[in-house]
$ cat work-v2.txt   # compact mmCIF, C-alpha atoms and all ligand atoms
# COMPACT_ATOMS: atom_id res chain seq x y z
CA MET E 1 145.44 101.07 125.10
CA LYS E 2 146.25 100.31 128.75
CA GLU E 3 143.34 102.51 129.85
CA LEU E 4 140.96 100.72 127.48
CA TYR E 5 142.11 97.36 128.84
CA LYS E 6 141.53 98.57 132.40
CA THR E 7 138.03 99.87 131.61
CA THR E 8 137.12 96.66 129.78
CA HIS E 9 138.42 94.56 132.65
CA LYS E 10 136.41 96.60 135.14
CA MET E 11 133.26 96.27 133.01
CA LYS E 12 133.68 92.51 132.78
CA GLU E 13 133.91 92.30 136.56
CA ARG E 14 130.81 94.47 136.86
CA ILE E 15 128.97 92.19 134.42
CA ASN E 16 129.81 89.08 136.48
CA GLU E 17 128.52 90.88 139.53
CA LEU E 18 125.29 91.98 137.78
CA ASN E 19 124.64 88.43 136.57
CA LYS E 20 124.74 87.28 140.19
CA ILE E 21 122.67 90.17 141.59
CA PHE E 22 119.90 89.90 138.97
CA LYS E 23 119.88 86.10 138.65
CA THR E 24 116.28 85.77 139.82
CA SER E 25 114.97 89.29 139.01
CA THR E 26 112.12 90.02 136.65
CA ALA E 27 112.79 91.59 133.23
CA GLN E 28 111.02 94.75 134.45
CA ASP E 29 113.32 95.00 137.49
CA ILE E 30 116.36 94.66 135.26
CA LEU E 31 115.08 97.35 132.86
CA ARG E 32 114.20 99.67 135.73
CA PHE E 33 117.69 99.30 137.17
CA LEU E 34 119.32 100.03 133.79
CA ILE E 35 117.13 103.07 133.12
CA LYS E 36 118.15 104.51 136.49
CA GLU E 37 121.83 103.62 136.16
CA TYR E 38 122.29 104.60 132.48
CA PRO E 39 119.69 107.29 131.73
CA CYS E 40 119.30 107.88 127.97
CA LYS E 41 122.40 105.77 127.27
CA MET E 42 120.55 102.66 126.20
CA ALA E 43 119.45 101.44 122.80
CA PHE E 44 117.05 98.57 122.23
CA SER E 45 117.20 96.80 118.87
CA THR E 46 113.83 95.43 117.83
CA SER E 47 113.10 93.04 114.98
CA LEU E 48 109.39 93.48 115.85
CA GLY E 49 109.20 89.77 116.63
CA ALA E 50 107.27 88.43 119.65
CA GLU E 51 110.12 88.74 122.20
CA ASP E 52 110.91 92.27 121.10
CA GLN E 53 107.26 93.29 121.32
CA VAL E 54 107.29 92.19 124.97
CA LEU E 55 110.32 94.40 125.63
CA THR E 56 108.81 97.31 123.71
CA ASP E 57 105.71 97.02 125.89
CA MET E 58 107.79 97.08 129.07
CA ILE E 59 110.08 99.90 127.95
CA ALA E 60 107.33 102.10 126.48
CA LYS E 61 105.47 101.90 129.78
CA MET E 62 108.59 102.86 131.76
CA ASP E 63 110.72 105.38 129.95
CA LYS E 64 110.65 107.29 126.65
CA CYS E 65 114.38 107.97 126.77
CA VAL E 66 115.49 104.46 125.73
CA ASN E 67 116.23 104.55 122.01
CA ILE E 68 114.16 101.88 120.26
CA PHE E 69 115.36 101.16 116.74
CA THR E 70 114.91 98.57 114.01
CA LEU E 71 117.30 97.62 111.23
CA ASP E 72 115.42 97.81 107.95
CA THR E 73 117.35 95.50 105.66
CA GLY E 74 115.17 96.42 102.68
CA ARG E 75 114.00 92.78 102.49
CA MET E 76 111.46 92.74 105.32
CA PHE E 77 107.93 91.30 105.15
CA TYR E 78 105.04 93.68 104.50
CA GLU E 79 103.55 92.37 107.78
CA THR E 80 106.67 93.48 109.68
CA TYR E 81 106.27 97.07 108.44
CA ASP E 82 102.66 96.82 109.46
CA THR E 83 103.71 95.73 112.95
CA LEU E 84 106.09 98.70 113.14
CA ASP E 85 103.32 101.11 112.28
CA LYS E 86 100.83 99.43 114.61
CA THR E 87 103.33 99.49 117.50
CA ASN E 88 104.16 103.17 117.04
CA HIS E 89 100.47 104.09 117.17
CA PHE E 90 99.66 101.80 120.07
CA TYR E 91 102.37 103.16 122.39
CA ASN E 92 102.63 106.62 120.89
CA ILE E 93 106.31 106.09 120.18
CA ASN E 94 108.49 106.51 117.09
CA ILE E 95 110.72 103.50 116.53
CA GLU E 96 113.82 104.65 114.69
CA ILE E 97 114.43 102.98 111.33
CA VAL E 98 118.07 102.33 110.52
CA PHE E 99 119.02 101.60 106.90
CA PRO E 100 122.16 100.00 105.47
CA GLU E 101 124.70 101.97 103.42
CA LYS E 102 123.20 102.37 99.94
CA ARG E 103 126.59 102.03 98.18
CA ASP E 104 127.45 98.78 99.99
CA VAL E 105 124.09 97.24 99.07
CA GLU E 106 124.35 98.39 95.45
CA ARG E 107 127.86 97.01 95.03
CA MET E 108 126.93 93.70 96.67
CA VAL E 109 123.87 93.03 94.51
CA HIS E 110 125.61 94.27 91.37
CA GLU E 111 128.50 91.85 91.92
CA ASN E 112 126.60 88.84 93.30
CA GLY E 113 122.93 89.13 92.35
CA ILE E 114 119.86 90.25 94.29
CA ASN E 115 119.25 86.80 95.86
CA LEU E 116 122.91 85.96 96.52
CA PHE E 117 122.15 84.46 99.95
CA TYR E 118 120.80 81.21 98.47
CA GLU E 119 124.04 80.53 96.62
CA LYS E 120 126.47 79.93 99.49
CA VAL E 121 126.89 80.61 103.23
CA GLU E 122 129.61 83.22 102.55
CA PHE E 123 127.21 85.26 100.40
CA ARG E 124 124.46 84.93 102.99
CA LYS E 125 126.83 86.22 105.66
CA LEU E 126 127.97 89.05 103.40
CA CYS E 127 124.36 90.12 102.90
CA CYS E 128 123.63 89.96 106.66
CA ASN E 129 126.83 91.86 107.36
CA ILE E 130 125.99 94.69 104.95
CA ARG E 131 122.27 94.88 105.62
CA LYS E 132 122.30 94.28 109.39
CA THR E 133 125.61 94.02 111.22
CA LEU E 134 127.38 97.11 109.92
CA PRO E 135 124.36 99.42 110.36
CA LEU E 136 123.93 98.00 113.88
CA LYS E 137 127.55 98.71 114.75
CA LYS E 138 127.26 102.28 113.49
CA LYS E 139 124.00 102.85 115.32
CA LEU E 140 125.21 101.50 118.66
CA SER E 141 128.43 103.51 118.69
CA GLY E 142 126.75 106.34 120.60
CA TYR E 143 125.37 104.20 123.45
CA ASP E 144 126.59 102.42 126.59
CA ILE E 145 124.04 99.61 126.71
CA TRP E 146 122.51 97.42 124.01
CA ILE E 147 119.26 95.66 124.87
CA THR E 148 118.08 92.65 122.86
CA GLY E 149 115.21 90.15 122.98
CA ILE E 150 117.39 87.03 122.78
CA ARG E 151 116.32 83.86 124.63
CA SER E 152 118.73 81.01 125.32
CA GLN E 153 116.16 78.41 124.25
CA GLN E 154 115.98 79.87 120.74
CA SER E 155 118.89 77.88 119.29
CA VAL E 156 122.08 75.94 119.91
CA THR E 157 124.03 79.11 119.15
CA ARG E 158 122.29 80.95 122.01
CA GLN E 159 122.37 78.38 124.81
CA LYS E 160 125.42 79.88 126.51
CA MET E 161 124.36 83.50 126.24
CA LYS E 162 123.85 85.36 129.51
CA LEU E 163 121.63 88.05 130.96
CA PHE E 164 124.47 90.61 131.04
CA GLU E 165 127.28 90.19 128.53
CA TRP E 166 130.31 92.09 127.30
CA ASP E 167 130.36 92.50 123.51
CA GLU E 168 134.07 92.40 122.66
CA GLU E 169 133.67 93.86 119.21
CA LEU E 170 131.31 96.67 120.11
CA ASN E 171 133.06 97.33 123.41
CA MET E 172 129.80 97.71 125.23
CA MET E 173 127.45 95.98 127.61
CA LYS E 174 124.75 93.85 126.04
CA VAL E 175 121.69 92.96 128.10
CA ASN E 176 119.22 90.20 127.26
CA PRO E 177 116.41 90.67 129.83
CA LEU E 178 114.37 87.74 128.44
CA ILE E 179 117.28 85.31 128.27
CA HIS E 180 115.61 82.75 130.56
CA TRP E 181 112.04 83.15 129.25
CA THR E 182 110.26 80.30 127.53
CA GLU E 183 108.20 80.73 124.37
CA LYS E 184 105.07 80.11 126.44
CA GLU E 185 105.97 82.92 128.84
CA ILE E 186 106.40 85.29 125.89
CA TRP E 187 102.96 84.47 124.51
CA ASP E 188 101.29 84.54 127.94
CA TYR E 189 102.68 88.07 128.41
CA ILE E 190 101.53 89.17 124.94
CA ARG E 191 97.99 87.92 125.53
CA LYS E 192 97.71 89.19 129.08
CA ASN E 193 98.92 92.67 128.15
CA LYS E 194 97.24 92.79 124.72
CA VAL E 195 100.57 93.57 123.08
CA PRO E 196 100.35 94.15 119.29
CA TYR E 197 102.27 91.50 117.32
CA ASN E 198 103.21 90.47 113.80
CA ILE E 199 100.28 88.52 112.31
CA LEU E 200 102.77 86.20 110.59
CA HIS E 201 103.20 84.55 114.01
CA ASP E 202 99.64 83.21 113.61
CA LYS E 203 100.57 81.69 110.25
CA GLY E 204 103.42 79.47 111.44
CA TYR E 205 106.21 82.03 111.28
CA LEU E 206 107.65 81.72 114.77
CA SER E 207 111.00 83.46 114.27
CA ILE E 208 110.78 86.28 111.73
CA GLY E 209 113.67 87.79 109.82
CA CYS E 210 113.96 88.93 106.20
CA ALA E 211 111.28 87.64 103.82
CA PRO E 212 113.52 85.63 101.46
CA CYS E 213 115.28 83.93 104.39
CA THR E 214 112.25 83.07 106.56
CA ARG E 215 109.62 80.38 106.15
CA ALA E 216 106.75 79.07 108.28
CA VAL E 217 107.39 75.94 110.38
CA GLU E 218 105.17 72.95 111.06
CA LYS E 219 103.49 72.53 114.44
CA GLY E 220 106.12 71.28 116.93
CA GLU E 221 109.04 72.13 114.63
CA PRO E 222 111.74 74.35 116.25
CA ALA E 223 111.18 78.04 115.55
CA ARG E 224 114.65 78.65 114.09
CA ASN E 225 114.09 75.91 111.46
CA GLY E 226 112.23 78.60 109.57
CA ARG E 227 115.31 80.84 109.34
CA TRP E 228 117.96 80.18 106.61
CA TRP E 229 116.43 76.68 106.39
CA TRP E 230 118.96 75.55 103.79
CA GLU E 231 121.86 75.95 106.29
CA ASN E 232 123.16 73.90 109.27
CA PRO E 233 121.93 74.99 112.75
CA GLU E 234 125.52 75.98 113.70
CA THR E 235 125.79 78.67 110.98
CA LYS E 236 122.34 80.16 111.58
CA GLU E 237 123.28 83.55 113.01
CA CYS E 238 123.19 86.71 110.96
CA GLY E 239 126.25 87.97 112.80
CA ILE E 240 124.78 90.68 114.99
CA HIS E 241 125.03 88.33 117.96
CA LEU E 242 128.47 87.07 117.00
CA LYS E 243 131.45 89.29 116.35
CA VAL E 244 130.82 92.40 114.29
CA LYS E 245 133.07 92.56 111.24
CA THR E 246 133.91 95.42 108.87
CA VAL E 247 133.86 95.02 105.07
S1 LIG U 1 118.72 87.13 114.14
O1 LIG U 1 120.04 87.65 114.45
O2 LIG U 1 118.67 85.70 113.98
O3 LIG U 1 118.04 87.86 113.08
P1 LIG U 1 116.48 87.16 115.94
O4 LIG U 1 115.51 87.42 114.86
O5 LIG U 1 116.43 85.85 116.63
O6 LIG U 1 117.97 87.46 115.46
O7 LIG U 1 116.42 88.31 117.00
C1 LIG U 1 117.26 88.33 118.14
C2 LIG U 1 117.48 89.77 118.55
O8 LIG U 1 118.30 90.44 117.59
C3 LIG U 1 116.22 90.59 118.63
O9 LIG U 1 115.62 90.45 119.89
C4 LIG U 1 116.72 91.98 118.36
O10 LIG U 1 117.23 92.55 119.54
C5 LIG U 1 117.85 91.75 117.39
N1 LIG U 1 117.41 91.89 115.98
C6 LIG U 1 117.24 90.92 115.07
N2 LIG U 1 116.85 91.44 113.89
C7 LIG U 1 116.76 92.76 114.06
C8 LIG U 1 116.39 93.88 113.23
N3 LIG U 1 116.03 93.73 111.96
N4 LIG U 1 116.41 95.12 113.77
C9 LIG U 1 116.78 95.32 115.05
N5 LIG U 1 117.13 94.31 115.88
C10 LIG U 1 117.12 93.06 115.41
FE1 LIG U 2 120.23 89.29 103.56
FE2 LIG U 2 118.72 87.17 104.21
FE3 LIG U 2 120.51 88.21 105.96
FE4 LIG U 2 118.26 89.51 105.34
S1 LIG U 2 118.45 87.53 106.43
S2 LIG U 2 120.25 90.39 105.52
S3 LIG U 2 118.05 89.05 103.13
S4 LIG U 2 120.93 87.19 103.99
$ encode --input "work-v2.txt" --output "structure tokens"
Amino acid sequence: MKELYKTTHKMKERINELNKIFKTSTAQDILRFLIKEYPCKMAFSTSLGAEDQVLTDMIAKMDKCVNIFTLDTGRMFYETYDTLDKTNHFYNINIEIVFPEKRDVERMVHENGINLFYEKVEFRKLCCNIRKTLPLKKKLSGYDIWITGIRSQQSVTRQKMKLFEWDEELNMMKVNPLIHWTEKEIWDYIRKNKVPYNILHDKGYLSIGCAPCTRAVEKGEPARNGRWWWENPETKECGIHLKVKTV
């Protein structure tokens, strides 16, 4: 216990240091540093959304040893599967598909219905926990670094997130190389580098999650309005970027 505390404390100090060192670095510089420092010890979670496609482009061009995986909740859009396929072919990679525990999903829908998430926030969180958070936790247990495509401008819940973070629950370093990017910078990169992307983005779906919990937004409307639109902005996190719970 004491040893774990010491290691955690050391890591937190290291993270503060890294945040200072890489304050003005490019996302590529940050990724290059991580690949050198933690070879084959990094996993990148992709939802196949625009930000994650930018990171896939950068990583695929740098190193094939970073594990790129997606959490298939079983409720994704057809267009998202299409993006997965398209991306694999384009970069000649094989994004790992991680599924939830069959028994957990079966019990949940048997007890609460297939579309339980519309009923109350607790059910929505239960569904996200079983379909996303728990599989993520299991998947990341074998790695030192977790890379995500989070940007601080995405929502009120993400404003305080940093480039390098310590995930208390997972006991690992989380890195958000695009944390300071704007939406415009994401799309400029995609166009300039001809990065394949989910065609739903052209139809008003700015932030894409599971099909029953995502809708298109109007021009000028915040991207996250299209996610769990029946909830308050403060509750709109599936849990993978909060604390990971066990059922
Ligand atoms: S969510 O938590 O509200 O769904 P969002 O869609 O904004 O998150 O994505 C933020 C980051 O969470 C992504 O850049 C990615 O790293 C991770 N993420 C979200 N959904 C998935 C998924 N289905 N599979 C893998 N990673 C995901
Ligand atoms: Fe379930 Fe909706 Fe969460 Fe997907 S986004 S895991 S369908 S509650």
$ residues_near_ligand --input "work-v2.txt" --ligand "ligand LIG 2 (chain U)" --cutoff "9 Å" --atoms "all atoms listed in the file" --output "number ranges by chain"
E: 73-76, 115-118, 121, 123-133, 209-214, 227-228, 237-239
$ closest_residue --input "work-v2.txt" --among "E:Trp166, E:Trp146, E:Tyr5, E:Trp229" --to "ligand LIG 1 (chain U)" --atoms "all atoms listed in the file"
E:Trp146
$ axis_aligned_box --input "work-v2.txt" --around "ligand LIG 1 (chain U)" --padding-each-side "6 Å" --output "lines of an AutoDock Vina configuration file"
center_x = 117.8
center_y = 90.5
center_z = 115.9
size_x = 16.5
size_y = 21.6
size_z = 19.9
$ atom_distance --input "work-v2.txt" --atom1 "atom C10 of ligand LIG 1 (chain U)" --atom2 "CA of Lys10 in chain E"
27.8 Å
$ residues_near_ligand --input "work-v2.txt" --ligand "ligand LIG 1 (chain U)" --cutoff "9 Å" --atoms "only C-alpha atoms and all ligand atoms" --output "compact mmCIF listing (two decimals) with C-alpha atoms, in the frame of the given file"
# COMPACT_ATOMS: atom_id res chain seq x y z
CA PHE E 44 117.05 98.57 122.23
CA SER E 45 117.20 96.80 118.87
CA THR E 46 113.83 95.43 117.83
CA SER E 47 113.10 93.04 114.98
CA LEU E 48 109.39 93.48 115.85
CA GLY E 49 109.20 89.77 116.63
CA ALA E 50 107.27 88.43 119.65
CA GLU E 51 110.12 88.74 122.20
CA ASP E 52 110.91 92.27 121.10
CA GLN E 53 107.26 93.29 121.32
CA LEU E 55 110.32 94.40 125.63
CA ILE E 68 114.16 101.88 120.26
CA PHE E 69 115.36 101.16 116.74
CA THR E 70 114.91 98.57 114.01
CA LEU E 71 117.30 97.62 111.23
CA ASP E 72 115.42 97.81 107.95
CA THR E 73 117.35 95.50 105.66
CA MET E 76 111.46 92.74 105.32
CA ILE E 97 114.43 102.98 111.33
CA VAL E 98 118.07 102.33 110.52
CA CYS E 128 123.63 89.96 106.66
CA ARG E 131 122.27 94.88 105.62
CA LYS E 132 122.30 94.28 109.39
CA LEU E 136 123.93 98.00 113.88
CA TRP E 146 122.51 97.42 124.01
CA ILE E 147 119.26 95.66 124.87
CA THR E 148 118.08 92.65 122.86
CA GLY E 149 115.21 90.15 122.98
CA ILE E 150 117.39 87.03 122.78
CA ARG E 151 116.32 83.86 124.63
CA GLN E 154 115.98 79.87 120.74
CA SER E 155 118.89 77.88 119.29
CA ASN E 176 119.22 90.20 127.26
CA SER E 207 111.00 83.46 114.27
CA ILE E 208 110.78 86.28 111.73
CA GLY E 209 113.67 87.79 109.82
CA CYS E 210 113.96 88.93 106.20
CA ARG E 224 114.65 78.65 114.09
CA ARG E 227 115.31 80.84 109.34
CA LYS E 236 122.34 80.16 111.58
CA GLU E 237 123.28 83.55 113.01
CA CYS E 238 123.19 86.71 110.96
CA GLY E 239 126.25 87.97 112.80
CA ILE E 240 124.78 90.68 114.99
CA HIS E 241 125.03 88.33 117.96
CA LEU E 242 128.47 87.07 117.00
$ closest_residue --input "work-v2.txt" --among "E:Val109, E:Thr26, E:Lys61, E:Glu17" --to "Trp181 in chain E" --atoms "all atoms listed in the file"
E:Thr26
$ atom_distance --input "work-v2.txt" --atom1 "CA of Asn112 in chain E" --atom2 "CA of Lys137 in chain E"
23.6 Å
$ atom_distance --input "work-v2.txt" --atom1 "CA of Gly220 in chain E" --atom2 "CA of Lys184 in chain E"
13.0 Å
$ residues_around --input "work-v2.txt" --residues "Asp29 in chain E" --least-positions-apart "4" --cutoff "12 Å" --atoms "all atoms listed in the file" --output "NGL selection string"
:E and (21-25 or 33-36 or 58-59 or 62 or 177-178)
$ residues_around --input "work-v2.txt" --residues "range 40-43 of chain E" --least-positions-apart "5" --cutoff "6 Å" --atoms "all atoms listed in the file" --output "PyMOL selection string"
chain E and resi 65-68+143-146
$ closest_residue --input "work-v2.txt" --among "E:Arg14, E:Leu200, E:Leu84, E:Pro233" --to "Arg158 in chain E" --atoms "only C-alpha atoms"
E:Pro233
